[in-house]
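Participant: Please see the structure below; I have some questions.
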Amino acid sequence: MSDGPEAEHPYAHPHDTFDVEPPYVPDESAVAGVEKYDDRFLDRELSWLRFNQRVLELAENPELPLLERARFLAIFASNLDEFFMVRVAGLKRRIAAGVAVRASSGLLPRDELELIWSETSELMHRHARCFRDLLVPELRDQGIELLRWSQLDKDEQKAAKKLFKERVFPVLTPLAVDPAHPFPYISGLSLNLAVLVRNPKTQAEHFARVKVPPIFDRFVPLGNQRFVPLEDVIGEHLKRLFPGMEVLHAHTFRVTRNEDLEVEEDDAENLLKALEKELLRRRFGPPVRLEVEEDIDPRVLDLLISELGVSAEEVVRLPGPLDLTGLHGIADLPRDDLKYPSFIPKTHPQLADVESASPVDVFEAARRHDVLLHHPYDSFSTSVQRFIEQAAADPHVLAIKQTLYRTSGDSPIIDALVDAAEAGKQVLVIVEIKARFDEQANIRWARKLEHAGCHVVYGQVGLKTHCKLAMVVRDEPDGIRRYTHIGTGNYNPKTARMYEDLGLITSNPGIGEDVANLFNNLSGISRQEKYENLLVAPDNIRSGLVEQIHAEIQHHRAGRPAGIRLKANSIVDEGVIDALYLASQEGVPVELLIRGICAVRPGLPGLSETMRVRSVLGRFLEHSRVFRFENGGEPATWIGSADMMHRNLDRRVEVLVRLPGDQSHLDQLLDLAFDPDTAAWELASDGQWTHNGGSVDLQETLIERKRKARA
């Protein structure tokens, strides 16, 4: 997945929010005053579904470019696939094992599962209607036609028949079911044809399965921007696969399986091999959802339900075609008139030499002033990537240390680290090979780095290393100096063009010393828990933020400036939420900008009347995490990798850094995000999100500001 188009586009990594959350055990001293509100948390699973609903609303929005809407339809589908593969599968597994507990929202596990099925069924049918009733007609109006077999003209049918005969037929493998042939294994997310045939001599009926090969285009191009689903082409030529038999029925179906990983992390020395073995097991997880065409023959459906071991409640009947993740291929069509206007990130002004075309020395720039980057508006390649590449080539650099969680398959950063190691520099790379659905790619790059002579460490037992850190140690005339980069997003040049993230490049000695000590923790056996300039999970991010929230309460009581602004992908952690509720009860203004899951209930009388929650979705995925406190008139702002979720705060190595110096850029960003005229979804206390109809597009405004600033 990591190298496919989905992984390189916004909203394509919902698995970042799919870890299992343990039950909440409140700290009585911290929740005094809010514990009487038993229903103060929204359900996280339903909140995620409402995030994906907002993605679907983007696909339905006629004001967005048409092919971008097709992309959002594909993303909605892939997001929901992963939700079933991980969250629904995990919930079913815990119910079956008798270990599921009441959610913080108060829902019992079976009630939660029932609500999930109700909401997902409604969303899947709404998704299908959007495709059929909105997208297909509007694409047709623009000369792009998604057709079924019966709509093709004779020449197109002839061309499709030729394609089937020469390319598709040779790779098809019909698998029959009879006493000599057991029901075949159906791989997760594969598209299949369930075929019922009859022997004309004996009148005996037989079932067979034909897998739609994923190596071909999902929508077969016929020329003149006309396309037909591949399964239609196969279905029309089934007699070639079953000569001498009568084809009675052929229906597409699709199975979603439990594809979460379970690795015994105590066996850390063999983690690489254990993970590779578990990746093979993933393909054989139990089914959790069966998608079928709505007109499927009842006998065929009964057989599928019986052989796959799914319940009737886990069957979703949909109008064809199934598996609209294939719309990524349509969205990639070369029709710039139907896409967002092109945007090329510019070099950050502190890293740009207006008088010369030669690259700026990143180290010299960082010595002069901290560089706060805002991607994708600021170029990743001429900042972070250049930082690592210059370090690899600089003879004065002694060592490079870096964390890698997700990166692209052809990453220049990997190449730079290899070059540095081959040049004799000390190179330490903390590779998180347990990054969900990117495990295989990370194993591959870990081995490449090892073979080049890099010191590769696979994180710590029981923890995922999710922080985004890079440190360069350089020998300079006045002594050894450390340069650090701390970011909110992955070191991935491809997603950096579409994910909104922040990063700090600094030579601040205090930050450098903290990062150096943290790297020693990650690679060695030291255990430093407190840092001067960092908050580090699992030790003190939650406690540090809660302490800062309580400080805002004291500022407000004393009449000093007080206020909290928080930007994150998700907020679920009850400890942090309860602290925010306490601040709101005291009258502290609390503004939250949450892209995905939000368990906060704003606007409840007596609990959260001063809280306001917004969500912004658009062409870029809002991915940065910002924690801004008014702090009595001396604002304190933190950025980093941590969302407010249990898995971030308790089971991952995460880092927040307090920004030194000027924070006006972030203040302007947050001012714009919370401006009443900025288009966003607003969260009500009942968990429903409503678009505010704002006229200002946050991301387009920031693009325009960058253009004007560098004109």
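How things are named: the first chain in the structure tokens is A, the next is B, and so on; residues count from 1 in each chain; ligands count from 1 in the order shown.
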Select from region 215-368 of chain A everything DSSP, run on the backbone, classes as alpha helix (DSSP H), then give the selection as a ChimeraX atom specification.
Facilitator: /A:230-236,238-241,271-282,298-308,327-331,362-368
Participant: Can I get the selected residues back with C-alpha atoms, as a PDB file, in the first residue's frame?
Facilitator:
ATOM      1  CA  LEU A 230     -13.113  -5.201 -15.914  1.00  0.00           C
ATOM      2  CA  GLU A 231     -15.574  -7.606 -14.289  1.00  0.00           C
ATOM      3  CA  ASP A 232     -18.123  -6.749 -17.005  1.00  0.00           C
ATOM      4  CA  VAL A 233     -15.631  -7.822 -19.659  1.00  0.00           C
ATOM      5  CA  ILE A 234     -14.922 -11.073 -17.818  1.00  0.00           C
ATOM      6  CA  GLY A 235     -18.593 -11.722 -17.082  1.00  0.00           C
ATOM      7  CA  GLU A 236     -19.516 -11.383 -20.750  1.00  0.00           C
ATOM      8  CA  LEU A 238     -17.527 -16.683 -19.064  1.00  0.00           C
ATOM      9  CA  LYS A 239     -18.424 -19.288 -21.685  1.00  0.00           C
ATOM     10  CA  ARG A 240     -14.750 -19.265 -22.651  1.00  0.00           C
ATOM     11  CA  LEU A 241     -13.945 -20.301 -19.075  1.00  0.00           C
ATOM     12  CA  LEU A 271      11.010  -8.862  15.471  1.00  0.00           C
ATOM     13  CA  LEU A 272      11.902  -8.559  11.791  1.00  0.00           C
ATOM     14  CA  LYS A 273      11.331 -12.259  11.111  1.00  0.00           C
ATOM     15  CA  ALA A 274       8.257 -12.417  13.333  1.00  0.00           C
ATOM     16  CA  LEU A 275       6.708  -9.496  11.493  1.00  0.00           C
ATOM     17  CA  GLU A 276       7.396 -11.025   8.087  1.00  0.00           C
ATOM     18  CA  LYS A 277       5.684 -14.235   9.219  1.00  0.00           C
ATOM     19  CA  GLU A 278       2.718 -12.278  10.552  1.00  0.00           C
ATOM     20  CA  LEU A 279       2.385 -10.401   7.247  1.00  0.00           C
ATOM     21  CA  LEU A 280       1.791 -13.748   5.558  1.00  0.00           C
ATOM     22  CA  ARG A 281      -0.836 -14.643   8.186  1.00  0.00           C
ATOM     23  CA  ARG A 282      -2.634 -11.330   7.583  1.00  0.00           C
ATOM     24  CA  PRO A 298     -30.392 -16.025  -3.306  1.00  0.00           C
ATOM     25  CA  ARG A 299     -28.826 -19.458  -3.767  1.00  0.00           C
ATOM     26  CA  VAL A 300     -25.464 -17.953  -4.570  1.00  0.00           C
ATOM     27  CA  LEU A 301     -25.686 -15.621  -1.601  1.00  0.00           C
ATOM     28  CA  ASP A 302     -26.625 -18.467   0.741  1.00  0.00           C
ATOM     29  CA  LEU A 303     -23.601 -20.438  -0.420  1.00  0.00           C
ATOM     30  CA  LEU A 304     -21.258 -17.474   0.102  1.00  0.00           C
ATOM     31  CA  ILE A 305     -22.624 -16.811   3.586  1.00  0.00           C
ATOM     32  CA  SER A 306     -22.272 -20.474   4.529  1.00  0.00           C
ATOM     33  CA  GLU A 307     -18.804 -21.053   3.105  1.00  0.00           C
ATOM     34  CA  LEU A 308     -17.315 -17.748   4.266  1.00  0.00           C
ATOM     35  CA  LEU A 327     -11.766   5.428  -9.181  1.00  0.00           C
ATOM     36  CA  HIS A 328      -8.206   6.499  -8.401  1.00  0.00           C
ATOM     37  CA  GLY A 329      -7.451   5.489 -11.989  1.00  0.00           C
ATOM     38  CA  ILE A 330     -10.193   7.772 -13.313  1.00  0.00           C
ATOM     39  CA  ALA A 331      -9.040  10.628 -11.071  1.00  0.00           C
ATOM     40  CA  VAL A 362      20.910  24.994   5.454  1.00  0.00           C
ATOM     41  CA  PHE A 363      23.372  24.932   8.370  1.00  0.00           C
ATOM     42  CA  GLU A 364      24.335  28.562   7.915  1.00  0.00           C
ATOM     43  CA  ALA A 365      20.650  29.525   7.674  1.00  0.00           C
ATOM     44  CA  ALA A 366      19.805  27.596  10.858  1.00  0.00           C
ATOM     45  CA  ARG A 367      22.697  29.255  12.723  1.00  0.00           C
ATOM     46  CA  ARG A 368      21.269  32.668  11.861  1.00  0.00           C
TER      47      ARG A 368
END
Participant: Mind listing the strand (DSSP E) residues of region 525-668 of chain A, per DSSP on the backbone, as a ChimeraX atom specification?
Facilitator: /A:534-537,564-568,590-594,611-615,621-622,625-629,636-640,652-658
Participant: With N, CA and C atoms retained, could you export that selection as a compact mmCIF listing (two decimals), in the first residue's frame?
Facilitator:
# COMPACT_ATOMS: atom_id res chain seq x y z
N LEU A 534 11.49 19.60 25.51
CA LEU A 534 10.63 18.61 24.86
C LEU A 534 9.64 18.02 25.85
N LEU A 535 8.50 17.61 25.33
CA LEU A 535 7.62 16.68 26.02
C LEU A 535 7.70 15.37 25.24
N VAL A 536 7.89 14.27 25.95
CA VAL A 536 8.14 12.99 25.29
C VAL A 536 7.18 11.94 25.84
N ALA A 537 6.44 11.29 24.95
CA ALA A 537 5.60 10.14 25.35
C ALA A 537 6.45 8.88 25.25
N ILE A 564 -6.76 28.55 25.09
CA ILE A 564 -6.16 27.32 24.59
C ILE A 564 -6.61 27.11 23.15
N ARG A 565 -5.66 26.86 22.27
CA ARG A 565 -5.96 26.47 20.91
C ARG A 565 -5.19 25.19 20.60
N LEU A 566 -5.90 24.20 20.11
CA LEU A 566 -5.27 22.90 19.88
C LEU A 566 -5.66 22.42 18.49
N LYS A 567 -4.67 22.02 17.72
CA LYS A 567 -4.89 21.48 16.37
C LYS A 567 -4.31 20.08 16.32
N ALA A 568 -5.13 19.11 15.90
CA ALA A 568 -4.66 17.72 15.87
C ALA A 568 -5.49 16.92 14.88
N VAL A 590 -11.58 27.75 24.77
CA VAL A 590 -10.92 26.55 24.26
C VAL A 590 -11.37 26.33 22.82
N GLU A 591 -10.44 26.39 21.89
CA GLU A 591 -10.74 26.19 20.47
C GLU A 591 -9.95 24.99 19.97
N LEU A 592 -10.66 24.04 19.35
CA LEU A 592 -10.05 22.81 18.86
C LEU A 592 -10.27 22.70 17.36
N LEU A 593 -9.20 22.43 16.64
CA LEU A 593 -9.27 22.19 15.20
C LEU A 593 -8.87 20.73 14.99
N ILE A 594 -9.88 19.87 14.79
CA ILE A 594 -9.67 18.42 14.76
C ILE A 594 -10.10 17.88 13.41
N MET A 611 -16.15 25.91 24.79
CA MET A 611 -15.40 25.07 23.86
C MET A 611 -16.03 25.15 22.47
N ARG A 612 -15.15 25.18 21.48
CA ARG A 612 -15.56 25.25 20.09
C ARG A 612 -14.71 24.27 19.31
N VAL A 613 -15.34 23.43 18.49
CA VAL A 613 -14.60 22.40 17.74
C VAL A 613 -14.91 22.55 16.26
N ARG A 614 -13.83 22.59 15.48
CA ARG A 614 -13.94 22.72 14.03
C ARG A 614 -13.18 21.60 13.33
N SER A 615 -13.54 21.36 12.06
CA SER A 615 -12.80 20.41 11.23
C SER A 615 -12.66 21.01 9.84
N LEU A 621 -4.30 17.25 3.31
CA LEU A 621 -4.73 16.64 4.56
C LEU A 621 -4.14 17.41 5.72
N GLU A 622 -5.00 18.01 6.55
CA GLU A 622 -4.54 18.75 7.71
C GLU A 622 -3.95 17.77 8.72
N ARG A 625 0.17 19.00 14.28
CA ARG A 625 -0.34 19.09 15.65
C ARG A 625 0.26 20.33 16.30
N VAL A 626 -0.60 21.18 16.80
CA VAL A 626 -0.18 22.44 17.42
C VAL A 626 -0.91 22.59 18.75
N PHE A 627 -0.17 22.99 19.77
CA PHE A 627 -0.75 23.20 21.10
C PHE A 627 -0.34 24.59 21.55
N ARG A 628 -1.29 25.52 21.55
CA ARG A 628 -0.98 26.92 21.79
C ARG A 628 -1.69 27.40 23.06
N PHE A 629 -0.93 27.93 24.01
CA PHE A 629 -1.46 28.40 25.29
C PHE A 629 -1.13 29.88 25.44
N ALA A 636 2.90 30.21 24.79
CA ALA A 636 3.72 29.01 24.67
C ALA A 636 3.09 28.12 23.61
N THR A 637 3.86 27.76 22.58
CA THR A 637 3.35 26.94 21.49
C THR A 637 4.23 25.72 21.31
N TRP A 638 3.58 24.56 21.21
CA TRP A 638 4.27 23.29 21.01
C TRP A 638 3.81 22.68 19.69
N ILE A 639 4.72 22.04 18.97
CA ILE A 639 4.34 21.26 17.79
C ILE A 639 4.98 19.89 17.92
N GLY A 640 4.43 18.93 17.22
CA GLY A 640 5.03 17.60 17.29
C GLY A 640 4.19 16.54 16.64
N ARG A 652 3.51 4.85 22.38
CA ARG A 652 4.40 5.31 21.31
C ARG A 652 5.44 6.27 21.88
N VAL A 653 6.54 6.34 21.18
CA VAL A 653 7.52 7.40 21.45
C VAL A 653 7.13 8.58 20.58
N GLU A 654 6.65 9.63 21.22
CA GLU A 654 6.22 10.85 20.54
C GLU A 654 6.97 12.03 21.12
N VAL A 655 7.09 13.08 20.34
CA VAL A 655 7.82 14.27 20.79
C VAL A 655 7.04 15.53 20.45
N LEU A 656 6.91 16.41 21.42
CA LEU A 656 6.47 17.79 21.19
C LEU A 656 7.63 18.70 21.57
N VAL A 657 7.85 19.73 20.77
CA VAL A 657 8.90 20.70 21.07
C VAL A 657 8.25 22.07 21.26
N ARG A 658 8.71 22.77 22.29
CA ARG A 658 8.23 24.14 22.49
C ARG A 658 9.00 25.06 21.55
Participant: Let me make sure I understand: among A:Arg40, A:Gly559, A:His646, A:His251, which one has the smallest atom-to-atom distance to Gly603 (chain A) if we use only C-alpha atoms?
Facilitator: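 Nearest candidate to Gly603 (chain A) out of A:Arg40, A:Gly559, A:His646, A:His251: A:Arg40.
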Participant: Which polymer residues have any atom within 8 Å of an atom of region 690-699 of chain A, counting only C-alpha atoms, with same-chain residues fewer than 5 positions away left out, as a VMD selection string?
Facilitator: chain A and resid 616 618 to 620 672 to 673 676 to 684
Participant: Residues near Thr256 (chain A), anyone? I mean within 8 Å using only C-alpha atoms, not counting same-chain ones fewer than 6 positions away, as a list in words.
Facilitator: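 Once the adjacent positions are removed, what remains is Asp81, Phe84, Met85, Gly188, Leu189, Pro287, Val288, Arg289 and Leu290 of chain A.
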Participant: Tell me which protein, DNA and RNA residues are within 10 Å of Pro395 (chain A), counting only C-alpha atoms, leaving out same-chain ones fewer than 5 positions away, and put them as a short mmCIF file (atom, residue, chain, number, x, y, z; two decimals) with N, CA and C atoms, in the first residue's frame.
Facilitator:
data_model
loop_
_atom_site.label_atom_id
_atom_site.label_comp_id
_atom_site.auth_asym_id
_atom_site.auth_seq_id
_atom_site.Cartn_x
_atom_site.Cartn_y
_atom_site.Cartn_z
N GLN A 390 22.60 17.64 2.33
CA GLN A 390 23.80 18.43 2.58
C GLN A 390 24.62 17.82 3.71
N ALA A 420 25.81 8.84 3.22
CA ALA A 420 26.52 9.29 4.41
C ALA A 420 27.26 8.14 5.08
N ALA A 423 30.24 7.18 3.18
CA ALA A 423 31.30 8.18 3.29
C ALA A 423 32.00 8.13 4.64
N GLY A 424 31.60 7.21 5.49
CA GLY A 424 32.27 7.04 6.78
C GLY A 424 31.64 7.77 7.94
N LYS A 425 30.52 8.43 7.71
CA LYS A 425 29.85 9.12 8.81
C LYS A 425 29.10 8.10 9.68
N ARG A 474 27.88 18.32 13.71
CA ARG A 474 28.83 18.93 12.78
C ARG A 474 30.01 19.50 13.56
N ASP A 475 31.19 19.29 13.03
CA ASP A 475 32.42 19.82 13.62
C ASP A 475 32.69 21.19 13.00
#
Participant: For Asn533 (chain A), which of A:Glu704, A:Glu513, A:Asp662, A:Glu145 is the closest residue, counting only C-alpha atoms?
Facilitator: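 Result for the nearest residue to Asn533 (chain A): A:Glu513.
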Participant: Skip region 415-419 of chain A itself and residues of its chain fewer than 5 positions away, then list as a ChimeraX atom specification all residues within 7 Å of it, counting only C-alpha atoms.
Facilitator: /A:388-389,392,427,449,452
Participant: Quick one: residues within 12 Å of Leu64 (chain A), only C-alpha atoms counted, chain neighbours fewer than 2 positions away excluded, as an NGL selection string?
Facilitator: :A and (57-62 or 66-72 or 135 or 337-341 or 618-619 or 697)
Participant: Atoms to include: N, CA and C atoms. Write the selected residues as a PDB file, in the first residue's frame.
Facilitator:
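Heads up, here's the output in selection.pdb:
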ATOM      1  N   GLU A  57     -18.815  13.914   1.793  1.00  0.00           N
ATOM      2  CA  GLU A  57     -19.434  15.206   1.471  1.00  0.00           C
ATOM      3  C   GLU A  57     -18.566  16.007   0.499  1.00  0.00           C
ATOM      4  N   LEU A  58     -17.250  15.819   0.571  1.00  0.00           N
ATOM      5  CA  LEU A  58     -16.382  16.457  -0.414  1.00  0.00           C
ATOM      6  C   LEU A  58     -16.667  15.904  -1.808  1.00  0.00           C
ATOM      7  N   ALA A  59     -16.900  14.584  -1.888  1.00  0.00           N
ATOM      8  CA  ALA A  59     -17.221  13.973  -3.182  1.00  0.00           C
ATOM      9  C   ALA A  59     -18.564  14.469  -3.708  1.00  0.00           C
ATOM     10  N   GLU A  60     -19.461  14.811  -2.815  1.00  0.00           N
ATOM     11  CA  GLU A  60     -20.795  15.268  -3.215  1.00  0.00           C
ATOM     12  C   GLU A  60     -20.833  16.757  -3.536  1.00  0.00           C
ATOM     13  N   ASN A  61     -19.781  17.475  -3.203  1.00  0.00           N
ATOM     14  CA  ASN A  61     -19.779  18.933  -3.313  1.00  0.00           C
ATOM     15  C   ASN A  61     -19.595  19.373  -4.766  1.00  0.00           C
ATOM     16  N   PRO A  62     -20.609  19.957  -5.401  1.00  0.00           N
ATOM     17  CA  PRO A  62     -20.497  20.336  -6.817  1.00  0.00           C
ATOM     18  C   PRO A  62     -19.520  21.472  -7.068  1.00  0.00           C
ATOM     19  N   LEU A  66     -14.267  18.100 -10.582  1.00  0.00           N
ATOM     20  CA  LEU A  66     -14.947  16.818 -10.737  1.00  0.00           C
ATOM     21  C   LEU A  66     -14.043  15.613 -10.485  1.00  0.00           C
ATOM     22  N   LEU A  67     -12.825  15.614 -11.018  1.00  0.00           N
ATOM     23  CA  LEU A  67     -11.951  14.466 -10.807  1.00  0.00           C
ATOM     24  C   LEU A  67     -11.446  14.396  -9.372  1.00  0.00           C
ATOM     25  N   GLU A  68     -11.386  15.527  -8.689  1.00  0.00           N
ATOM     26  CA  GLU A  68     -11.049  15.488  -7.265  1.00  0.00           C
ATOM     27  C   GLU A  68     -12.187  14.821  -6.490  1.00  0.00           C
ATOM     28  N   ARG A  69     -13.411  15.048  -6.924  1.00  0.00           N
ATOM     29  CA  ARG A  69     -14.548  14.386  -6.273  1.00  0.00           C
ATOM     30  C   ARG A  69     -14.494  12.883  -6.504  1.00  0.00           C
ATOM     31  N   ALA A  70     -14.087  12.476  -7.697  1.00  0.00           N
ATOM     32  CA  ALA A  70     -13.904  11.041  -7.952  1.00  0.00           C
ATOM     33  C   ALA A  70     -12.842  10.472  -7.018  1.00  0.00           C
ATOM     34  N   ARG A  71     -11.797  11.237  -6.795  1.00  0.00           N
ATOM     35  CA  ARG A  71     -10.740  10.795  -5.871  1.00  0.00           C
ATOM     36  C   ARG A  71     -11.291  10.628  -4.465  1.00  0.00           C
ATOM     37  N   PHE A  72     -12.089  11.578  -4.020  1.00  0.00           N
ATOM     38  CA  PHE A  72     -12.638  11.479  -2.667  1.00  0.00           C
ATOM     39  C   PHE A  72     -13.570  10.276  -2.537  1.00  0.00           C
ATOM     40  N   LEU A 135     -21.822  11.432  -9.879  1.00  0.00           N
ATOM     41  CA  LEU A 135     -20.526  11.417 -10.549  1.00  0.00           C
ATOM     42  C   LEU A 135     -20.625  10.927 -11.992  1.00  0.00           C
ATOM     43  N   ASP A 337      -8.305  20.489 -16.410  1.00  0.00           N
ATOM     44  CA  ASP A 337      -9.465  21.365 -16.263  1.00  0.00           C
ATOM     45  C   ASP A 337     -10.456  20.838 -15.232  1.00  0.00           C
ATOM     46  N   LEU A 338     -10.305  19.588 -14.834  1.00  0.00           N
ATOM     47  CA  LEU A 338     -11.216  18.979 -13.868  1.00  0.00           C
ATOM     48  C   LEU A 338     -10.517  18.672 -12.548  1.00  0.00           C
ATOM     49  N   LYS A 339      -9.386  19.323 -12.306  1.00  0.00           N
ATOM     50  CA  LYS A 339      -8.620  19.088 -11.084  1.00  0.00           C
ATOM     51  C   LYS A 339      -8.320  20.412 -10.397  1.00  0.00           C
ATOM     52  N   TYR A 340      -7.788  20.323  -9.185  1.00  0.00           N
ATOM     53  CA  TYR A 340      -7.350  21.532  -8.495  1.00  0.00           C
ATOM     54  C   TYR A 340      -6.286  22.234  -9.343  1.00  0.00           C
ATOM     55  N   PRO A 341      -6.256  23.561  -9.346  1.00  0.00           N
ATOM     56  CA  PRO A 341      -5.177  24.265 -10.056  1.00  0.00           C
ATOM     57  C   PRO A 341      -3.817  23.818  -9.526  1.00  0.00           C
ATOM     58  N   GLY A 618      -9.821  19.393   2.861  1.00  0.00           N
ATOM     59  CA  GLY A 618      -9.652  20.011   1.557  1.00  0.00           C
ATOM     60  C   GLY A 618      -8.648  19.257   0.722  1.00  0.00           C
ATOM     61  N   ARG A 619      -8.012  19.960  -0.203  1.00  0.00           N
ATOM     62  CA  ARG A 619      -7.092  19.305  -1.128  1.00  0.00           C
ATOM     63  C   ARG A 619      -5.871  18.752  -0.410  1.00  0.00           C
ATOM     64  N   ASP A 697     -11.642  29.716   1.872  1.00  0.00           N
ATOM     65  CA  ASP A 697     -10.997  28.407   1.863  1.00  0.00           C
ATOM     66  C   ASP A 697      -9.630  28.541   2.534  1.00  0.00           C
TER      67      ASP A 697
END
Participant: Would you please work out which residue, of A:Asp155, A:Glu138, A:Asp323, A:Glu294, is nearest to Ala74 (chain A) when using only C-alpha atoms?
Facilitator: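 Answer, going by the shortest atom-to-atom distance: A:Asp323.
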Participant: With distances taken over only C-alpha atoms, which of A:Val473, A:Ile144, A:Leu502, A:Ile430 is nearest to His374 (chain A)?
Facilitator: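 When distances to His374 (chain A) are compared using only C-alpha atoms, the smallest one comes from A:Leu502.
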Participant: Which residue out of A:Asp378, A:Glu114, A:Asp501, A:Glu432 has the minimum interatomic distance to Gln402 (chain A) when only C-alpha atoms are used?
Facilitator: A:Glu432
